[in-house]
Amino acid sequence: MAEAHPVGFQWVIEAKLRGAKVIHVDPRFTRTSALADIFVPIRAGTDIAFLGGIVNHILSNDLDFREYVVAYTNAATILSEGFVDTEDLDGLFSGFDPATRTYDESTWQYAEVGDDTERDETLEHPRCVFQVLKRHFARYTPEMVERVCGVGPEQLLEVAEAWVAGSGRERTTTLVYSVGWTQHSTGVQYIRTGAILQLLLGNIGRPGGGILALRGHASIQGSTDIPTLFNLLPGYLPMPHVGQHDTFDAWVGAIGHGGQKGYWGGAPAYATSLLKAWWGDAATADNDFAYGHLPRISGDHGTYRQVLNMIDGKIKGYFLLGQNPAVGSAHGKAQRLGMANLDWLVVRDLFEIESATFWRDGPEVATGEIVPEECRTEVFLLPAASHVEKEGTFTQTQRMLQWREKAVEPPGDCRSELWFTYHLGRLVRERLAGSTDPRDRPLLDLTWDYPVHGPTAEPSAEAVLREINGFEVASGRPLSASTELASDGSTAAGCWIYTGVLSGGVNQAARRTSRHDQDEVAAEWGWAWPANRRILYNRASADPQGRPWSERKAYVWWDEAEARWTGKDVPDCQVDKPPSYRPPVGATGPDALAGDDPFIMQGDGKGWLFVPSGLIDGPLPTHYEAAESPVHNPLYGQQSNPTRMVYERADNPRHPSPSEGDASVFPFVFTTSRLTEHHTAGAMSRNLGYLSELQPAMFVEVSPALARERRLDHLGWATIVTARSAIEARVLVTERLRPLRVEGRTIHQVWLPYHWGVGAALTSGDSANDLIGVSLDPNVLIQDSKVGTCDVQPGRRPTGPALLELVARYRGRAGVVQATPERIVTARPR
Amino acid sequence: MTRFPPPCDPAVEAGYPEPPARVGFFTDTSICIGCKACEVACKEWNGVPVDGLELLGMSYDNTGALGANTWRHVAFIEQRVPAGAATGQDSVRWLMSSDVCKHCTHAACLDVCPTGSLLRTELGTVVVQDDICNGCGYCIPACPYGVIDQRRSPAGDRNVGLAQKCTLCYDRIGGGLEPACATACPTDSIQFGPLDELRQRAAERVATLHAAGVTDARLYGEDPGDGVGGTGSVFLLLDEPEVYGLPPDPVCTTRDLPAMWRRAGLAAAAMVTLVAAAFLGPPR
């Protein structure tokens with residue numbers, strides 16, 4: 001966190017100065033470790049086993065926050081009889097189909113009694129979630145954690161005891177992760193394990209608790225809320241799928257059907273309002289609010305699928321807005337070869353980045369794989385305005401929108417993304433005007449009427465925010481809350497969770513009341529979705545009767561005299577719903593949740609320790625080895641995530657697992673991350689002298705032991721090789737990296753920053769992402785880029801075709817094989 | 001060894017009749033996260049040029065040292081800590097510290113400057129006046145910390161040839177702002193303020209750390225009785241000053257000049273007397 005989020009780390013320092021204990025778990029000793037009270041070195045890719053050991057410690061010693069767990073989680077819910085856990089299936093859950101490598105969720109469901117689920121609040125029923133959880137995590141003993149992670153029992157105990165001591169009625173503990181945690185073939189389950197721990201200790205929905213995801217850019221939260229993802233629409237509405245959601249009712253019914261319990265019951269209003277915002281008068285009740293205009297997806301259209309499609313010639317054009325995949329995305333060679341096989345590529349950035357120059361000076365030019373004179377892609381490089389040269393909002397990790405004024409005019413031809421998108425749309429619509437082709441209707445019917453101002457005809461960002469916030473169609477009055485949204489077409493809103501940012505017609509995101517003039521919740525600084533609520537599920541900050549768990553941690557509570565919820569934050573429940581409320585039979589929507597159900601987006605109102613539906617790779621997290629690992633999975637026959645997304649192609653080779661081939665060819669584990677001095681793929685730092693001079697060259701960190709073993713000299717060169725490529729880097733020998741003992745053998749880990757690429761920036765170097773292949777988490781299609789295996793040799797890499805020959809020799813020696821389903825599904829249940 | 005008689009207000013010494021409170025820095029290295037925001041903010045505000053893109057291999061320090069093109073410098077020191085009882089394994093300690101001009105109470109750079117370019121401000125700080133400096137370079141060996149230096153690059157920079165160092169952002173303080181480095185520091189490792197207050201805060205912080213068992217914590221430059229009369233930049237260190245590249249017992253290089261001149265004068269007088277005696281003595 002200190003390394004990648006130094007500004008946010010000031011609050012960790014402040015907590016530390018007030019006596020907080022800071023624990024840092026990381027494969028390498030970083031600037032965060034330097035300031036932590038406890039540093040735990042861990043083998044990269046084994047976090048589920050480590051956290052699982054803590055869950056086991058809590059459950060075996062009855063250290064959970066029992067009242068919270070019984071009332072607010074699904075611990076007491078009884079599962080159906082069909083569920084079989086990984087312990088009995090050698091690493092698989094019940095419902096697995098080896099041919100398709102997918103799960104059928106039907107055996108993961110709750111047992112039902114009539115319309116209701118069955119519960120045992122004594123938590124003793126053998127099929128209740130609590131007991132299932134206890135059995136599941138019993139395998140993560142301190143000895144097993146040591147075997148898997150290389151973390152000794154004393155250190156595991158030290159962390160577990162600190163976490164437990166910092167939780168309960170009087171205290172809360174925060175879990176902070178950075179997005180590297182998501183970049184694993186089991187990334188979603190990493191975070192699930194954290195969620196289980198925080199739920200067991202009562203650290204969700206309470207001040208000082210929670211799970212904080214630190215993002216890599218200023219508005220990554222915003223770019224999932226109003227998404228740049230292929231399978232989501234604004235406000236987490238799913239993109240319709242062809243064949244499954246052919247009608248409006250089928251689509252909306254899949255999100256939140258009429259009888260849905262909880263707040264997804266409002267899905268028809270959210271969906272209708274979105275369509276009204278986009279297609280205005282052309283969206284009517286008679287045409288299902290122009291649902292036919294909405295594009296459909298037909299499967300995986302994720303960024304990696306697209307790149308492979310480019311290589312295959314299936315994609316003609318590509319826009320890159322502030323993204324540098326030639327450096328920043330996994331399998332750099334595939335990224336560049338894909339972009340070299342387009343008709344056109346538009347790059348909008350602050351500098352001439354590697355994704356705009358790969359055809360001229362990328363690594364493939366040296367190897368002969370790209371010939372500049374023959375590269376067919378026409379690249380349009382358009383200069384972009386920086387964040388101080390345009391207005392709009394950022395949404396940060398607390399879901400807080402902060403309005404930003406334009407400080408200066410952008411220089412020359414630089415323009416904002418808003419300007420580019422609006423005028424591109426305007427020009428396309430002008431070109432299509434008068435068309436009678438039905439496929440042009442979605443474009444021609446769009447509400448594309450934003451007012452523009454100034455000499456560059458810059459569109460009004462506030463007008464866009466007004467559409468996002470939503471308004472009453474008849475009067476144009478801005479809406480103040482998502483509860484005002486209607487499903488009859490009388491309201492329009494571009495993103496239902498943002499409704500209220502213009503509450504009362506005021507730009508709430510622009511509020512700047514000083515923290516000295518308000519309490520610690522600081523509700524008048526910016527605006528957080530939903531409803532300016534600063535802590536989600538904060539109903540859990542009070543006990544089931546509505547009283548604060550303790551005076552110290554009082555946050556929202558039930559005021560008996562006023563008969564309403566009150567406190568320091570906007571209560572995350574219906575404010576007049578008493579704690580004693582029990583839903584009548586047949587209730588739907590929010591009314592179907594009891595007065596002590598804090599998790600209002602779930603149909604059962606509970607925090608899910610066990611996930612009966614919605615996850616592709618299992619209802620509980622369990623440790624699998626990374627897709628490329630030098631060791632056998634010590635827990636099961638199942639080596640790696642059996643449902644992970646793989647792309648079986650000759651240009652995406654993978655390393656064999658220890659049982660398939662010669663794992664000694666790629667004996668070392670590598671991981672990558674960021675340096676404080678640089679920003680992601682480097683566009684905004686490697687082009688600036690003041691930052692480049694602070695970290696002027698690509699390097700690799702190795703332990704003194706590995707340096708001895710491989711004759712690596714400090715500040716000399718090393719070549720790092722995988723089945724995809726070989727890169728060179730200067731060597732930093734440091735005590736901050738040290739080998740771990742795992743399964744009785746020494747595992748060397750090396751570390752690489754991923755900021756460098758070959759191009760025209762002030763500092764140029766080989767790219768760590770060139771080492772990584774494409775294998776993805778099946779739930780979210782995020783690449784497995786934080787753990788890999790490699791070889792490290794002294795000296796510089798060969799250049800030209802000799803580089804390809806070196807990598808080919810390695811592939812031959814390792815016995816690189818295609819990942820057939822039989823090779824991926826290695827479990828052998830008895 | 002002679003010591004300066006404490007206390008001493010350098011602004012008063014310099015002739016300001018009623019100067020405002022002396023200001024300075026307190027750099028608490030125990031909460032420095034090595035982000036180098038101070039280095040960048042300093043360069044941005046003061047227009048200090050890029051100093052070369054060289055990988056130095058000194059942990060994460062690619063700046064190297066203070067100089068004409070580096071007015072803030074973050075040192076990174078990696079130490080192996082012998083096995084503790086808890087883990088039975090050696091561990092690592094990573095010290096980070098942002099160094100800067102000390103703005104000494106008795107500043108030798110200022111004493112030796114023949115043009116008066118180096119100036120004691122009313123705030124007690126020491127600044128170079130670019131338009132007066134003649135580039136003689138006398139100040140460079142005079143500084144006991146190796147802070148000040150002559151700018152040699154980049155070609156074309158208007159201050160090439162001139163002595164350059166931290167001004168404690170004299171031009172910001174006058175406008176009601178804090179120095180750029182202190183403003184940018186995310187953890188408040190660099191604090192700016194009246195020196196008396198900072199010294200007190202430093203003493204309290206070191207006491208807190210001692211009570212928490214961090215017995216290596218110590219202050220540097222806070223003693224008005226030391227060889228430079230105490231510094232305007234006070235540091236809290238977690239190890240010996242030498243570990244951070246700081247001189248353990250800095251002495252104002254002009255401190256002994258009067259005595260030296262006296263002795264040299266005496267010697268010269270004795271020599272003159274002897275020579276005179278040789279010529280003027282009674283003839284043999």
# chains A, B, ... in the order shown; residues from 1 in each chain; ligands from 1

call {"tool": "interface_residues", "arguments": {"of": "chain A", "to": "chain B", "cutoff": "8 Å", "atoms": "only C-alpha atoms", "output": "count of residues only"}}
result
35

call {"tool": "select_by_dssp", "arguments": {"residues": "stretch 30-200 of chain B", "states": "alpha helix (DSSP H)", "output": "ChimeraX atom specification"}}
result
/B:37-46,108-112,139-142,170-173,180-184,195-200

call {"tool": "residues_around", "arguments": {"residues": "stretch 234-248 of chain B", "least_positions_apart": "2", "cutoff": "7 Å", "atoms": "only C-alpha atoms", "output": "JSON, numbers by chain"}}
result
{"B": [25, 26, 27, 28, 29, 30, 75, 145, 202, 216, 217, 218, 219, 220, 221, 222, 231, 232, 250]}

call {"tool": "residues_around", "arguments": {"residues": "B:Arg172", "least_positions_apart": "6", "cutoff": "12 Å", "atoms": "only C-alpha atoms", "output": "list in words"}}
result
Cys42, Trp45, Asn46, Glu178, Pro179, Ala180, Cys181, Ala182 and Thr183 of chain B

call {"tool": "residues_around", "arguments": {"residues": "stretch 172-175 of chain A", "least_positions_apart": "2", "cutoff": "6 Å", "atoms": "only C-alpha atoms", "output": "list in words"}}
result
Gly166, Ser167, Asn203, Gly208, Gly209, Gly210 and Ile211 of chain A

call {"tool": "select_by_dssp", "arguments": {"residues": "stretch 95-168 of chain B", "states": "strand (DSSP E or B)", "output": "PyMOL selection string"}}
result
chain B and resi 95-100+104+118-120+126-128+149-150+163-164

call {"tool": "write_last_selection", "arguments": {"atoms": "N, CA and C atoms", "output": "mmCIF file, in the first residue's frame"}}
result
data_model
loop_
_atom_site.group_PDB
_atom_site.id
_atom_site.type_symbol
_atom_site.label_atom_id
_atom_site.label_comp_id
_atom_site.auth_asym_id
_atom_site.auth_seq_id
_atom_site.Cartn_x
_atom_site.Cartn_y
_atom_site.Cartn_z
ATOM 1 N N LEU B 95 15.508 1.220 6.232
ATOM 2 C CA LEU B 95 15.421 2.590 6.732
ATOM 3 C C LEU B 95 15.323 3.553 5.550
ATOM 4 N N MET B 96 14.480 4.559 5.707
ATOM 5 C CA MET B 96 14.361 5.592 4.681
ATOM 6 C C MET B 96 14.420 6.944 5.367
ATOM 7 N N SER B 97 15.088 7.857 4.727
ATOM 8 C CA SER B 97 15.248 9.160 5.356
ATOM 9 C C SER B 97 15.450 10.223 4.296
ATOM 10 N N SER B 98 14.704 11.305 4.426
ATOM 11 C CA SER B 98 14.809 12.393 3.456
ATOM 12 C C SER B 98 15.759 13.457 3.999
ATOM 13 N N ASP B 99 16.889 13.621 3.329
ATOM 14 C CA ASP B 99 17.913 14.573 3.766
ATOM 15 C C ASP B 99 17.709 15.909 3.057
ATOM 16 N N VAL B 100 18.250 16.951 3.663
ATOM 17 C CA VAL B 100 18.047 18.304 3.138
ATOM 18 C C VAL B 100 19.115 19.205 3.748
ATOM 19 N N CYS B 104 22.174 25.633 9.162
ATOM 20 C CA CYS B 104 22.898 25.657 10.436
ATOM 21 C C CYS B 104 22.763 27.002 11.161
ATOM 22 N N LEU B 118 25.368 34.265 -0.340
ATOM 23 C CA LEU B 118 24.730 33.436 0.687
ATOM 24 C C LEU B 118 24.270 34.357 1.803
ATOM 25 N N LEU B 119 23.013 34.221 2.133
ATOM 26 C CA LEU B 119 22.354 35.215 2.975
ATOM 27 C C LEU B 119 21.622 34.524 4.122
ATOM 28 N N ARG B 120 21.706 35.095 5.288
ATOM 29 C CA ARG B 120 20.884 34.648 6.425
ATOM 30 C C ARG B 120 19.577 35.419 6.358
ATOM 31 N N VAL B 126 19.164 29.873 5.494
ATOM 32 C CA VAL B 126 20.297 30.286 4.667
ATOM 33 C C VAL B 126 19.935 30.066 3.203
ATOM 34 N N VAL B 127 20.015 31.138 2.414
ATOM 35 C CA VAL B 127 19.684 30.992 0.989
ATOM 36 C C VAL B 127 20.800 31.569 0.111
ATOM 37 N N VAL B 128 20.854 31.035 -1.135
ATOM 38 C CA VAL B 128 21.786 31.562 -2.129
ATOM 39 C C VAL B 128 21.021 32.558 -2.992
ATOM 40 N N ASP B 149 26.471 22.764 -3.667
ATOM 41 C CA ASP B 149 27.355 22.400 -4.779
ATOM 42 C C ASP B 149 27.115 23.362 -5.939
ATOM 43 N N GLN B 150 28.051 23.302 -6.874
ATOM 44 C CA GLN B 150 27.978 24.169 -8.033
ATOM 45 C C GLN B 150 27.233 23.434 -9.137
ATOM 46 N N ALA B 163 26.406 28.338 -7.202
ATOM 47 C CA ALA B 163 26.156 27.474 -6.048
ATOM 48 C C ALA B 163 24.643 27.336 -5.866
ATOM 49 N N GLN B 164 24.193 26.104 -5.578
ATOM 50 C CA GLN B 164 22.763 25.849 -5.488
ATOM 51 C C GLN B 164 22.466 24.955 -4.274
#

call {"tool": "closest_residue", "arguments": {"among": "A:Thr30, A:Val12, A:Ser503, A:Val742", "to": "B:Phe76", "atoms": "only C-alpha atoms"}}
result
A:Thr30

call {"tool": "atom_distance", "arguments": {"atom1": "atom CA of A:Thr799", "atom2": "atom CA of A:Val665"}}
result
21.3 Å

call {"tool": "residues_around", "arguments": {"residues": "A:Glu701", "least_positions_apart": "4", "cutoff": "8 Å", "atoms": "only C-alpha atoms", "output": "MDAnalysis selection string"}}
result
chainID A and resid 731:734 737 750:752

call {"tool": "atom_distance", "arguments": {"atom1": "atom CA of A:Tyr624", "atom2": "atom CA of A:Gly637"}}
result
9.8 Å

call {"tool": "closest_residue", "arguments": {"among": "A:Ala250, A:Val501, A:Leu444, A:Leu337", "to": "A:His293", "atoms": "only C-alpha atoms"}}
result
A:Leu444

call {"tool": "residues_around", "arguments": {"residues": "stretch 382-393 of chain A", "least_positions_apart": "2", "cutoff": "8 Å", "atoms": "only C-alpha atoms", "output": "ChimeraX atom specification"}}
result
/A:346-351,380,395,401-411,413-417,461-462,509

call {"tool": "write_last_selection", "arguments": {"atoms": "N, CA and C atoms", "output": "mmCIF file, in the first residue's frame"}}
result
data_model
loop_
_atom_site.group_PDB
_atom_site.id
_atom_site.type_symbol
_atom_site.label_atom_id
_atom_site.label_comp_id
_atom_site.auth_asym_id
_atom_site.auth_seq_id
_atom_site.Cartn_x
_atom_site.Cartn_y
_atom_site.Cartn_z
ATOM 1 N N VAL A 346 -7.057 3.506 -32.969
ATOM 2 C CA VAL A 346 -7.066 4.881 -32.455
ATOM 3 C C VAL A 346 -6.475 4.858 -31.051
ATOM 4 N N VAL A 347 -5.415 5.608 -30.840
ATOM 5 C CA VAL A 347 -4.798 5.716 -29.512
ATOM 6 C C VAL A 347 -4.950 7.146 -29.038
ATOM 7 N N ARG A 348 -5.643 7.304 -27.928
ATOM 8 C CA ARG A 348 -5.741 8.639 -27.317
ATOM 9 C C ARG A 348 -4.942 8.607 -26.027
ATOM 10 N N ASP A 349 -3.895 9.404 -25.934
ATOM 11 C CA ASP A 349 -3.088 9.385 -24.718
ATOM 12 C C ASP A 349 -2.361 10.707 -24.563
ATOM 13 N N LEU A 350 -1.701 10.842 -23.411
ATOM 14 C CA LEU A 350 -0.959 12.071 -23.140
ATOM 15 C C LEU A 350 0.378 12.073 -23.872
ATOM 16 N N PHE A 351 0.900 10.872 -24.161
ATOM 17 C CA PHE A 351 2.220 10.740 -24.795
ATOM 18 C C PHE A 351 2.126 9.715 -25.921
ATOM 19 N N PHE A 380 -3.869 5.927 -35.502
ATOM 20 C CA PHE A 380 -4.205 7.342 -35.321
ATOM 21 C C PHE A 380 -3.890 7.697 -33.877
ATOM 22 N N THR A 395 -14.647 8.537 -9.263
ATOM 23 C CA THR A 395 -15.263 7.740 -8.206
ATOM 24 C C THR A 395 -14.165 6.885 -7.597
ATOM 25 N N LEU A 401 -17.958 9.930 -5.214
ATOM 26 C CA LEU A 401 -17.769 10.759 -6.397
ATOM 27 C C LEU A 401 -17.254 12.126 -5.960
ATOM 28 N N GLN A 402 -16.175 12.568 -6.591
ATOM 29 C CA GLN A 402 -15.663 13.899 -6.302
ATOM 30 C C GLN A 402 -15.589 14.681 -7.605
ATOM 31 N N TRP A 403 -16.313 15.788 -7.634
ATOM 32 C CA TRP A 403 -16.324 16.628 -8.830
ATOM 33 C C TRP A 403 -15.001 17.360 -8.938
ATOM 34 N N ARG A 404 -14.547 17.489 -10.166
ATOM 35 C CA ARG A 404 -13.257 18.101 -10.445
ATOM 36 C C ARG A 404 -13.482 19.243 -11.415
ATOM 37 N N GLU A 405 -13.017 20.432 -11.068
ATOM 38 C CA GLU A 405 -13.118 21.557 -11.989
ATOM 39 C C GLU A 405 -11.966 21.493 -12.985
ATOM 40 N N LYS A 406 -12.170 22.117 -14.109
ATOM 41 C CA LYS A 406 -11.056 22.245 -15.059
ATOM 42 C C LYS A 406 -10.157 23.384 -14.581
ATOM 43 N N ALA A 407 -8.862 23.098 -14.398
ATOM 44 C CA ALA A 407 -7.943 24.130 -13.902
ATOM 45 C C ALA A 407 -7.382 24.971 -15.032
ATOM 46 N N VAL A 408 -7.007 24.315 -16.125
ATOM 47 C CA VAL A 408 -6.450 25.031 -17.276
ATOM 48 C C VAL A 408 -7.006 24.424 -18.558
ATOM 49 N N GLU A 409 -6.947 25.205 -19.629
ATOM 50 C CA GLU A 409 -7.366 24.686 -20.930
ATOM 51 C C GLU A 409 -6.329 23.682 -21.428
ATOM 52 N N PRO A 410 -6.757 22.616 -22.075
ATOM 53 C CA PRO A 410 -5.765 21.696 -22.631
ATOM 54 C C PRO A 410 -4.986 22.392 -23.754
ATOM 55 N N PRO A 411 -3.708 22.055 -23.882
ATOM 56 C CA PRO A 411 -2.906 22.717 -24.919
ATOM 57 C C PRO A 411 -3.198 22.149 -26.310
ATOM 58 N N ASP A 413 -4.107 20.582 -29.632
ATOM 59 C CA ASP A 413 -5.221 19.745 -30.084
ATOM 60 C C ASP A 413 -5.686 18.766 -29.002
ATOM 61 N N CYS A 414 -5.141 18.856 -27.805
ATOM 62 C CA CYS A 414 -5.552 17.920 -26.739
ATOM 63 C C CYS A 414 -7.025 18.148 -26.399
ATOM 64 N N ARG A 415 -7.742 17.061 -26.261
ATOM 65 C CA ARG A 415 -9.167 17.143 -25.935
ATOM 66 C C ARG A 415 -9.522 16.088 -24.909
ATOM 67 N N SER A 416 -10.641 16.320 -24.213
ATOM 68 C CA SER A 416 -11.114 15.356 -23.215
ATOM 69 C C SER A 416 -11.724 14.143 -23.908
ATOM 70 N N GLU A 417 -11.853 13.041 -23.165
ATOM 71 C CA GLU A 417 -12.543 11.851 -23.686
ATOM 72 C C GLU A 417 -14.001 12.203 -23.992
ATOM 73 N N ALA A 461 -20.024 18.448 -18.961
ATOM 74 C CA ALA A 461 -19.939 17.241 -18.143
ATOM 75 C C ALA A 461 -21.078 17.196 -17.127
ATOM 76 N N GLU A 462 -21.553 18.361 -16.720
ATOM 77 C CA GLU A 462 -22.634 18.383 -15.750
ATOM 78 C C GLU A 462 -23.937 17.887 -16.379
ATOM 79 N N ALA A 509 -21.542 16.001 -5.575
ATOM 80 C CA ALA A 509 -20.155 15.549 -5.696
ATOM 81 C C ALA A 509 -19.174 16.703 -5.566
#

call {"tool": "atom_distance", "arguments": {"atom1": "atom CA of A:Val164", "atom2": "atom CA of A:Glu520"}}
result
24.9 Å

call {"tool": "closest_residue", "arguments": {"among": "A:Gln189, A:Ser685, A:Thr357, A:Gly526", "to": "A:Ser514", "atoms": "only C-alpha atoms"}}
result
A:Gly526
